[in-house]
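What follows is a set of notes on a single structure, which appears directly below.
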There are 2 protein chains.
Amino acid sequence: MKKNLKSARFIVAIDLGGTNIKVALFSLGFKMRDRLSCPTPVLHGRQAVIVAVLEMVAGLLSRRKISAGSISAAGIGVPGPVDFDRQVVHFLPNIPGWRNVPLSSVFTSACGIPCVVDNDAKMMALAEYTLGAAKGSRNAVCLTLGTGVGAGLIIEGKLYRGADNAAGEIGHLPLNENGPACPCGGKACLERYAGNGALLKEARAALGASITLEKASALAAGGNRKALRFWRTASTHIGIALAGLSNVLNPDVIVVGGGVSSAGRPLFDGLKENLLRRAMPVQGRRVKVVRAALGSDAGLIGAALAAAGRTRA
Amino acid sequence: MKKNLKSARFIVAIDLGGTNIKVALFSLGFKMRDRLSCPTPVLHGRQAVIVAVLEMVAGLLSRRKISAGSISAAGIGVPGPVDFDRQVVHFLPNIPGWRNVPLSSVFTSACGIPCVVDNDAKMMALAEYTLGAAKGSRNAVCLTLGTGVGAGLIIEGKLYRGADNAAGEIGHLPLNENGPACPCGGKACLERYAGNGALLKEARAALGASITLEKASALAAGGNRKALRFWRTASTHIGIALAGLSNVLNPDVIVVGGGVSSAGRPLFDGLKENLLRRAMPVQGRRVKVVRAALGSDAGLIGAALAAAGRTRA
């Protein structure tokens with residue numbers, strides 16, 4: 001559907017997560033004008049999730065008294081692999097019922113808004129590179145530490161996709177030749193040590209059953225030795241993977257985002273120390289490790305940027 | 001020194017290795033017209049190595065009755081890190097006495113031929129991508145298995161250098177969190193398992209003190225169980241690193257060259273098996289593992305290509 005670009009004044013951004021669906025309205029200058037959030041109806045099937053997304057978009061337009069004709073495009077970030085050329089979601093590891101879903105065309109047919117779908121880690125990288133902590137660097141690794149461990153790679157100032165839009169799966173860099181089996185088919189993948197689930201299990205063993213990662217950060221910030229030791233182990237696992245990655249990619253910067261990154265210094269000090277200790281001298285001295293600047297909005301901002309790119313393309 | 005490009009008919013390519021110096025004369029269409037080789041005077045200092053290179057170039061021009069004015073440019077590949085922008089050799093791990101050598105300007109001052117210097121693994125990747133086994137692919141890893149384990153990365157059809165021209169150090173991807181210390185400062189780097197020295201040590205332990213890697217390949221080809229087991233272990237080490245790399249870079253092809261690659265099937269079968277078993281399904285199914293097509297001439301061909309790029313620039 002061709003849009004009259006003169007009348008287009010907004011972009012819709014959708015962050016379809018395993019826990020929440022977030023929908024936001026952006027100006028064409030990427031300022032967020034309004035937003036909605038609701039729990040993802042994970043257990044009610046694909047249709048329920050798609051209907052929820054469409055209702056949220058309609059709700060947002062209605063309450064701002066905006067017609068679909070005022071929207072230049074929508075961007076949707078999803079937590080799983082996407083065939084970008086065909087605009088098909090392969091599957092979503094944490095949302096059952098999604099397999100080979102042509103989400104762009106489903107969305108556009110339903111509401112008349114042109115749409116671009118991509119993997120959420122790639123959209124977050126796009127956001128941090130364009131407007132956040134990787135701004136101004138040519139080669140950046142934008143790491144997301146959450147339920148999954150993933151990354152978007154910026155190579156020579158451009159989001160790098162690889163042959164199947166599957167580049168950036170840092171969570172599946174093996175940390176050891178032998179170790180825990182990973183659902184991806186590999187063994188001893190970084191995600192088995194540093195994904196939210198693995199970290200929480202370790203934190204509970206060290207700090208008690210009622211611990212959360214937020215509490216473990218607070219304890220470490222207060223000098224609790226067990227908590228500090230827990231974060232040191234976690235940052236060693238992640239730091240070794242980042243050292244190997246730095247040797248291979250020689251990036252300017254590694255941006256660390258996702259829920260786990262809110263651990264702050266106990267995590268970041270360990271990452272930097274491990275990088276300096278384990279990476280090759282030239283690569284280790286070069287790379288800065290910084291916290292993501294856009295926080296939990298990175299996914300929405302990236303989706304808005306991707307939507308705008310699609311409009312220009 | 002500006003060249004009259006009308007009179008330029010040849011390119012000089014130099015492969016400055018830890019064992020031999022090779023010098024060749026190429027046509028502007030990258031056909032090799034003549035070549036010379038001599039042992040690298042490793043123990044006689046930097047000056048001796050540079051003098052040997054200059055004498056070989058002069059000798060080649062003299063025996064072909066060609067003036068320096070007929071040479072459009074020279075390319076020199078060196079086995080170590082190079083500051084490409086400043087054209088300075090940082091150091092050469094296997095040739096003592098090289099530290100911050102502005103090799104391009106030394107060469108050009110001495111013989112009047114414009115020159116480009118780069119890391120040899122990058123030049124080999126350029127050769128395999130332009131004229132060899134990675135031709136036609138957009139994203140390729142060109143691995144060299146020799147004394148060192150390194151790679152040149154082709155990303156979106158272009159040699160990828162990273163922030164310091166230091167990208168591609170696959171030999172320093174850690175295989176384990178703990179393991180043998182590596183001179184690079186890391187631990188358990190792939191090179192500690194799969195560099196020539198490490199492989200030879202393992203082969204000797206398994207197959208006797210007089211074994212060479214060539215003999216170990218021949219034994220494996222003949223069905224010798226110990227030799228087959230030796231290659232299976234070697235290809236498992238390398239294959240796990242390649243699986244991680246495939247998950248991160250999602251390349252079309254991994255080209256394997258360098259002396260060790262002449263092991264042939266016992267090595268390549270193991271690499272492919274490990275990639276399929278350990279890499280993520282999409283990335284593992286995508287990536288082809290192929291033997292380098294240009295053999296031991298890849299370094300010279302890459303140097304000629306780099307020289308031509310420099311001429312155009």
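Identifiers for the structure tokens are assigned positionally: chains receive A, B, ... in sequence, residues are indexed from 1 per chain, and ligands are indexed from 1 in the order shown.
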
Onto chain B, please fit chain A by least squares using all C-alpha atoms in order, then return the transformed chain as a CSV table (one decimal) with C-alpha atoms, in the first residue's frame.
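After the write, part_8.csv holds the following:
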chain,number,residue,atom,x,y,z
A,1,MET,CA,57.1,8.7,-6.7
A,2,LYS,CA,54.5,9.1,-9.4
A,3,LYS,CA,54.7,6.4,-12.0
A,4,ASN,CA,54.0,6.8,-15.7
A,5,LEU,CA,51.1,4.3,-15.8
A,6,LYS,CA,51.3,3.8,-19.5
A,7,SER,CA,54.7,2.2,-19.1
A,8,ALA,CA,53.8,0.1,-16.1
A,9,ARG,CA,53.4,-3.5,-17.2
A,10,PHE,CA,54.1,-5.5,-14.0
A,11,ILE,CA,53.4,-5.9,-10.3
A,12,VAL,CA,55.9,-7.2,-7.8
A,13,ALA,CA,54.6,-9.5,-5.1
A,14,ILE,CA,56.5,-10.4,-2.0
A,15,ASP,CA,55.6,-13.0,0.6
A,16,LEU,CA,57.9,-12.5,3.6
A,17,GLY,CA,57.5,-15.7,5.6
A,18,GLY,CA,59.1,-17.0,8.7
A,19,THR,CA,60.7,-19.8,6.7
A,20,ASN,CA,61.1,-18.4,3.1
A,21,ILE,CA,61.0,-15.2,1.3
A,22,LYS,CA,59.2,-15.5,-2.1
A,23,VAL,CA,59.2,-12.8,-4.7
A,24,ALA,CA,57.2,-12.9,-7.9
A,25,LEU,CA,56.5,-10.8,-11.0
A,26,PHE,CA,52.9,-10.6,-12.0
A,27,SER,CA,51.2,-9.1,-15.2
A,28,LEU,CA,48.6,-6.4,-14.6
A,29,GLY,CA,46.1,-9.2,-15.2
A,30,PHE,CA,47.5,-11.1,-12.2
A,31,LYS,CA,49.3,-13.9,-14.1
A,32,MET,CA,52.6,-14.9,-12.5
A,33,ARG,CA,55.4,-14.3,-15.0
A,34,ASP,CA,58.5,-15.3,-12.9
A,35,ARG,CA,59.4,-16.0,-9.3
A,36,LEU,CA,62.3,-16.4,-6.9
A,37,SER,CA,62.5,-18.0,-3.4
A,38,CYS,CA,65.2,-18.1,-0.7
A,39,PRO,CA,65.4,-19.0,3.0
A,40,THR,CA,64.6,-16.1,5.3
A,41,PRO,CA,67.8,-15.0,7.1
A,42,VAL,CA,65.8,-15.0,10.3
A,43,LEU,CA,68.7,-14.9,12.7
A,44,HIS,CA,70.7,-12.1,10.9
A,45,GLY,CA,68.4,-9.2,11.9
A,46,ARG,CA,66.0,-6.9,10.2
A,47,GLN,CA,68.5,-5.3,7.9
A,48,ALA,CA,69.5,-8.7,6.4
A,49,VAL,CA,65.9,-9.6,5.7
A,50,ILE,CA,65.2,-6.2,4.0
A,51,VAL,CA,68.4,-6.5,2.0
A,52,ALA,CA,67.5,-10.0,0.9
A,53,VAL,CA,64.1,-8.8,-0.3
A,54,LEU,CA,65.6,-5.9,-2.2
A,55,GLU,CA,68.2,-8.1,-3.8
A,56,MET,CA,65.6,-10.6,-4.9
A,57,VAL,CA,63.5,-7.9,-6.5
A,58,ALA,CA,66.5,-6.5,-8.3
A,59,GLY,CA,67.5,-10.0,-9.4
A,60,LEU,CA,64.1,-10.7,-10.8
A,61,LEU,CA,63.9,-7.4,-12.7
A,62,SER,CA,67.5,-7.9,-14.0
A,63,ARG,CA,66.9,-11.4,-15.3
A,64,ARG,CA,63.7,-10.4,-17.0
A,65,LYS,CA,65.4,-7.2,-18.3
A,66,ILE,CA,62.7,-5.0,-16.8
A,67,SER,CA,63.3,-1.5,-15.4
A,68,ALA,CA,61.7,-0.4,-12.1
A,69,GLY,CA,59.7,2.0,-14.2
A,70,SER,CA,57.8,-0.9,-15.6
A,71,ILE,CA,56.5,-1.9,-12.2
A,72,SER,CA,53.2,-0.2,-11.2
A,73,ALA,CA,53.5,-1.2,-7.5
A,74,ALA,CA,54.7,-3.8,-5.1
A,75,GLY,CA,52.8,-5.7,-2.4
A,76,ILE,CA,54.5,-7.2,0.7
A,77,GLY,CA,52.7,-9.7,3.0
A,78,VAL,CA,54.2,-10.2,6.4
A,79,PRO,CA,53.5,-12.8,9.1
A,80,GLY,CA,52.4,-10.4,11.9
A,81,PRO,CA,50.3,-7.4,12.7
A,82,VAL,CA,50.5,-4.3,10.5
A,83,ASP,CA,49.2,-0.8,11.1
A,84,PHE,CA,47.7,-0.5,7.6
A,85,ASP,CA,46.9,3.2,7.7
A,86,ARG,CA,50.5,4.1,8.7
A,87,GLN,CA,52.0,1.2,6.7
A,88,VAL,CA,54.1,0.1,9.7
A,89,VAL,CA,54.9,-3.5,10.7
A,90,HIS,CA,54.1,-3.7,14.5
A,91,PHE,CA,56.2,-6.8,15.0
A,92,LEU,CA,56.8,-10.3,13.6
A,93,PRO,CA,56.3,-13.1,16.1
A,94,ASN,CA,58.6,-15.5,14.3
A,95,ILE,CA,61.2,-13.1,12.9
A,96,PRO,CA,63.2,-11.3,15.6
A,97,GLY,CA,64.2,-7.7,15.4
A,98,TRP,CA,61.1,-6.3,13.8
A,99,ARG,CA,59.3,-3.6,15.9
A,100,ASN,CA,57.5,-0.6,14.3
A,101,VAL,CA,59.2,-0.9,10.9
A,102,PRO,CA,57.8,1.5,8.3
A,103,LEU,CA,58.4,-1.1,5.7
A,104,SER,CA,56.5,0.5,2.8
A,105,SER,CA,58.6,3.7,2.9
A,106,VAL,CA,61.8,1.8,3.5
A,107,PHE,CA,61.1,-0.3,0.4
A,108,THR,CA,60.0,2.6,-1.8
A,109,SER,CA,63.0,4.8,-0.8
A,110,ALA,CA,65.4,1.9,-1.6
A,111,CYS,CA,64.0,0.9,-5.0
A,112,GLY,CA,61.6,3.6,-6.2
A,113,ILE,CA,58.6,1.3,-6.4
A,114,PRO,CA,55.3,2.3,-4.6
A,115,CYS,CA,54.5,-0.3,-2.1
A,116,VAL,CA,51.7,-1.6,0.1
A,117,VAL,CA,52.3,-3.8,3.2
A,118,ASP,CA,49.7,-5.9,5.0
A,119,ASN,CA,49.3,-8.9,7.2
A,120,ASP,CA,49.8,-12.2,5.2
A,121,ALA,CA,46.5,-13.8,6.3
A,122,LYS,CA,44.6,-10.8,5.0
A,123,MET,CA,46.4,-11.0,1.7
A,124,MET,CA,45.7,-14.7,1.4
A,125,ALA,CA,42.0,-14.0,2.1
A,126,LEU,CA,42.0,-11.3,-0.6
A,127,ALA,CA,43.5,-13.8,-3.0
A,128,GLU,CA,41.0,-16.6,-2.2
A,129,TYR,CA,38.1,-14.2,-2.4
A,130,THR,CA,39.1,-12.6,-5.6
A,131,LEU,CA,40.5,-15.6,-7.6
A,132,GLY,CA,40.1,-18.7,-5.4
A,133,ALA,CA,37.8,-20.8,-3.3
A,134,ALA,CA,35.8,-17.9,-1.8
A,135,LYS,CA,35.0,-16.3,-5.1
A,136,GLY,CA,31.4,-15.3,-5.4
A,137,SER,CA,30.6,-15.5,-1.7
A,138,ARG,CA,29.8,-12.3,0.2
A,139,ASN,CA,30.8,-13.4,3.7
A,140,ALA,CA,33.8,-15.7,4.0
A,141,VAL,CA,36.3,-16.8,6.7
A,142,CYS,CA,39.6,-17.6,5.1
A,143,LEU,CA,41.5,-19.7,7.7
A,144,THR,CA,45.3,-20.3,7.5
A,145,LEU,CA,46.5,-23.3,9.5
A,146,GLY,CA,50.3,-23.2,9.8
A,147,THR,CA,52.8,-22.2,12.4
A,148,GLY,CA,50.2,-19.7,13.5
A,149,VAL,CA,46.4,-20.0,13.1
A,150,GLY,CA,44.9,-16.9,11.6
A,151,ALA,CA,42.2,-15.7,9.2
A,152,GLY,CA,41.1,-13.0,6.9
A,153,LEU,CA,37.5,-12.1,7.1
A,154,ILE,CA,35.5,-11.1,4.0
A,155,ILE,CA,32.4,-9.2,5.2
A,156,GLU,CA,29.8,-8.0,2.6
A,157,GLY,CA,32.3,-8.5,-0.2
A,158,LYS,CA,35.1,-6.5,1.4
A,159,LEU,CA,38.2,-7.4,3.4
A,160,TYR,CA,37.3,-6.5,7.0
A,161,ARG,CA,40.1,-5.0,9.0
A,162,GLY,CA,38.6,-4.0,12.3
A,163,ALA,CA,39.6,-0.9,14.3
A,164,ASP,CA,43.4,-1.6,14.2
A,165,ASN,CA,43.7,-3.9,11.1
A,166,ALA,CA,43.8,-6.7,13.7
A,167,ALA,CA,40.6,-8.5,13.0
A,168,GLY,CA,40.7,-12.2,12.1
A,169,GLU,CA,42.8,-13.6,14.9
A,170,ILE,CA,40.8,-16.8,15.1
A,171,GLY,CA,43.9,-18.6,16.5
A,172,HIS,CA,43.2,-16.7,19.6
A,173,LEU,CA,39.6,-17.6,20.1
A,174,PRO,CA,39.7,-19.4,23.5
A,175,LEU,CA,38.6,-23.1,23.3
A,176,ASN,CA,38.3,-23.5,27.0
A,177,GLU,CA,38.1,-21.2,30.1
A,178,ASN,CA,41.2,-22.8,31.4
A,179,GLY,CA,44.1,-24.4,29.5
A,180,PRO,CA,47.6,-23.8,28.3
A,181,ALA,CA,48.9,-20.2,28.5
A,182,CYS,CA,49.3,-18.5,25.1
A,183,PRO,CA,52.1,-16.0,24.3
A,184,CYS,CA,49.3,-13.6,23.3
A,185,GLY,CA,48.4,-13.2,26.9
A,186,GLY,CA,45.3,-15.4,26.7
A,187,LYS,CA,44.7,-19.0,27.8
A,188,ALA,CA,43.6,-22.1,25.9
A,189,CYS,CA,43.7,-20.3,22.5
A,190,LEU,CA,42.9,-22.4,19.4
A,191,GLU,CA,46.5,-22.0,18.3
A,192,ARG,CA,47.7,-23.8,21.4
A,193,TYR,CA,45.8,-26.8,20.2
A,194,ALA,CA,45.9,-26.5,16.4
A,195,GLY,CA,49.1,-24.5,15.6
A,196,ASN,CA,51.8,-26.6,13.8
A,197,GLY,CA,53.9,-26.9,16.9
A,198,ALA,CA,51.0,-28.2,19.1
A,199,LEU,CA,49.9,-30.7,16.3
A,200,LEU,CA,53.4,-32.0,15.8
A,201,LYS,CA,53.8,-32.6,19.5
A,202,GLU,CA,50.5,-34.6,19.6
A,203,ALA,CA,51.3,-36.5,16.5
A,204,ARG,CA,54.7,-37.5,17.9
A,205,ALA,CA,53.1,-38.7,21.1
A,206,ALA,CA,50.6,-40.8,19.1
A,207,LEU,CA,52.6,-41.9,16.2
A,208,GLY,CA,56.3,-41.8,17.1
A,209,ALA,CA,59.1,-39.3,17.2
A,210,SER,CA,59.9,-39.3,13.5
A,211,ILE,CA,56.4,-38.5,12.4
A,212,THR,CA,55.6,-35.4,10.3
A,213,LEU,CA,52.1,-34.0,9.6
A,214,GLU,CA,52.5,-35.1,6.0
A,215,LYS,CA,53.2,-38.7,7.2
A,216,ALA,CA,50.3,-38.5,9.6
A,217,SER,CA,48.0,-37.5,6.7
A,218,ALA,CA,49.4,-40.4,4.6
A,219,LEU,CA,48.9,-42.9,7.4
A,220,ALA,CA,45.3,-41.7,8.0
A,221,ALA,CA,44.6,-41.9,4.3
A,222,GLY,CA,45.8,-45.5,4.5
A,223,GLY,CA,43.4,-46.3,7.3
A,224,ASN,CA,45.8,-46.2,10.3
A,225,ARG,CA,43.6,-45.9,13.3
A,226,LYS,CA,46.0,-44.0,15.5
A,227,ALA,CA,46.5,-41.5,12.7
A,228,LEU,CA,42.8,-41.2,12.1
A,229,ARG,CA,42.3,-40.6,15.8
A,230,PHE,CA,45.0,-37.9,15.8
A,231,TRP,CA,43.3,-36.0,13.0
A,232,ARG,CA,39.8,-36.5,14.6
A,233,THR,CA,41.1,-34.8,17.7
A,234,ALA,CA,42.7,-32.0,15.7
A,235,SER,CA,39.6,-31.4,13.6
A,236,THR,CA,37.4,-31.4,16.7
A,237,HIS,CA,39.4,-28.6,18.2
A,238,ILE,CA,39.3,-26.5,15.1
A,239,GLY,CA,35.7,-27.5,14.3
A,240,ILE,CA,34.4,-26.2,17.7
A,241,ALA,CA,36.1,-22.9,17.1
A,242,LEU,CA,34.6,-22.7,13.6
A,243,ALA,CA,31.1,-23.6,15.0
A,244,GLY,CA,31.3,-20.7,17.4
A,245,LEU,CA,32.5,-18.4,14.6
A,246,SER,CA,29.7,-19.5,12.3
A,247,ASN,CA,27.2,-18.7,15.0
A,248,VAL,CA,28.6,-15.2,15.3
A,249,LEU,CA,29.4,-14.4,11.7
A,250,ASN,CA,26.9,-16.7,9.7
A,251,PRO,CA,29.3,-16.9,6.7
A,252,ASP,CA,28.6,-18.6,3.4
A,253,VAL,CA,32.0,-20.3,3.3
A,254,ILE,CA,35.0,-21.2,5.4
A,255,VAL,CA,38.1,-21.6,3.2
A,256,VAL,CA,40.9,-23.6,4.9
A,257,GLY,CA,44.5,-23.1,3.7
A,258,GLY,CA,48.0,-23.2,5.1
A,259,GLY,CA,50.3,-26.2,5.3
A,260,VAL,CA,48.2,-28.2,7.7
A,261,SER,CA,45.2,-28.1,5.2
A,262,SER,CA,47.1,-30.5,2.9
A,263,ALA,CA,46.0,-33.2,5.4
A,264,GLY,CA,42.9,-33.4,3.2
A,265,ARG,CA,39.9,-35.6,4.0
A,266,PRO,CA,40.9,-36.8,7.6
A,267,LEU,CA,40.9,-33.1,8.5
A,268,PHE,CA,38.0,-31.8,6.4
A,269,ASP,CA,35.6,-34.6,7.2
A,270,GLY,CA,36.1,-33.9,10.9
A,271,LEU,CA,35.7,-30.2,10.4
A,272,LYS,CA,32.4,-30.6,8.6
A,273,GLU,CA,31.1,-33.1,11.0
A,274,ASN,CA,31.9,-30.9,14.0
A,275,LEU,CA,30.3,-27.8,12.3
A,276,LEU,CA,27.1,-29.7,11.6
A,277,ARG,CA,27.0,-31.1,15.2
A,278,ARG,CA,28.0,-28.0,17.1
A,279,ALA,CA,26.8,-25.0,15.1
A,280,MET,CA,23.3,-23.6,15.3
A,281,PRO,CA,21.1,-25.3,12.6
A,282,VAL,CA,20.7,-22.3,10.2
A,283,GLN,CA,24.4,-21.3,10.4
A,284,GLY,CA,25.6,-24.9,10.3
A,285,ARG,CA,23.6,-25.8,7.2
A,286,ARG,CA,24.6,-22.7,5.4
A,287,VAL,CA,28.3,-22.7,5.7
A,288,LYS,CA,30.5,-24.7,3.3
A,289,VAL,CA,34.0,-25.8,4.3
A,290,VAL,CA,36.3,-25.9,1.4
A,291,ARG,CA,40.1,-26.2,0.9
A,292,ALA,CA,41.9,-23.1,-0.3
A,293,ALA,CA,42.3,-23.1,-4.1
A,294,LEU,CA,45.5,-21.2,-4.5
A,295,GLY,CA,47.8,-23.3,-2.3
A,296,SER,CA,51.1,-21.9,-1.3
A,297,ASP,CA,50.8,-19.1,-3.9
A,298,ALA,CA,47.9,-17.4,-2.2
A,299,GLY,CA,50.2,-15.1,-0.3
A,300,LEU,CA,51.9,-13.9,-3.5
A,301,ILE,CA,48.7,-13.5,-5.4
A,302,GLY,CA,47.1,-11.6,-2.5
A,303,ALA,CA,50.2,-9.3,-2.4
A,304,ALA,CA,49.8,-8.6,-6.1
A,305,LEU,CA,46.1,-7.8,-5.7
A,306,ALA,CA,46.8,-5.6,-2.7
A,307,ALA,CA,49.5,-3.8,-4.8
A,308,ALA,CA,47.0,-3.2,-7.5
A,309,GLY,CA,44.4,-1.9,-5.1
A,310,ARG,CA,46.9,0.6,-3.8
A,311,THR,CA,47.6,1.7,-7.3
A,312,ARG,CA,43.9,2.3,-7.9
A,313,ALA,CA,43.3,4.0,-4.6

Practice item. Just the strand (DSSP E) stuff from stretch 105-214 of chain B, please, per backbone DSSP, written as a VMD selection string. Key: chain B and resid 115 to 119 140 to 145 149 to 155 158 to 160

Got time to write the residues from that selection, C-alpha atoms, as a short mmCIF file (atom, residue, chain, number, x, y, z; two decimals), in the first residue's frame?
data_model
loop_
_atom_site.label_atom_id
_atom_site.label_comp_id
_atom_site.auth_asym_id
_atom_site.auth_seq_id
_atom_site.Cartn_x
_atom_site.Cartn_y
_atom_site.Cartn_z
CA CYS B 115 54.45 -0.33 -2.08
CA VAL B 116 51.67 -1.64 0.13
CA VAL B 117 52.35 -3.80 3.19
CA ASP B 118 49.75 -5.93 4.95
CA ASN B 119 49.36 -8.95 7.17
CA ALA B 140 33.80 -15.70 4.02
CA VAL B 141 36.28 -16.80 6.65
CA CYS B 142 39.65 -17.64 5.08
CA LEU B 143 41.52 -19.69 7.66
CA THR B 144 45.26 -20.37 7.53
CA LEU B 145 46.53 -23.39 9.46
CA VAL B 149 46.41 -20.04 13.07
CA GLY B 150 44.93 -16.90 11.57
CA ALA B 151 42.25 -15.74 9.19
CA GLY B 152 41.16 -13.02 6.87
CA LEU B 153 37.47 -12.13 7.05
CA ILE B 154 35.49 -11.10 4.00
CA ILE B 155 32.39 -9.20 5.14
CA LYS B 158 35.15 -6.58 1.39
CA LEU B 159 38.22 -7.48 3.42
CA TYR B 160 37.34 -6.57 7.00
#

Practice item. Quick one: pick out all helix (DSSP H, G or I) residues within stretch 58-208 of chain A from a backbone DSSP run and write them as a count of residues only. Key: 50
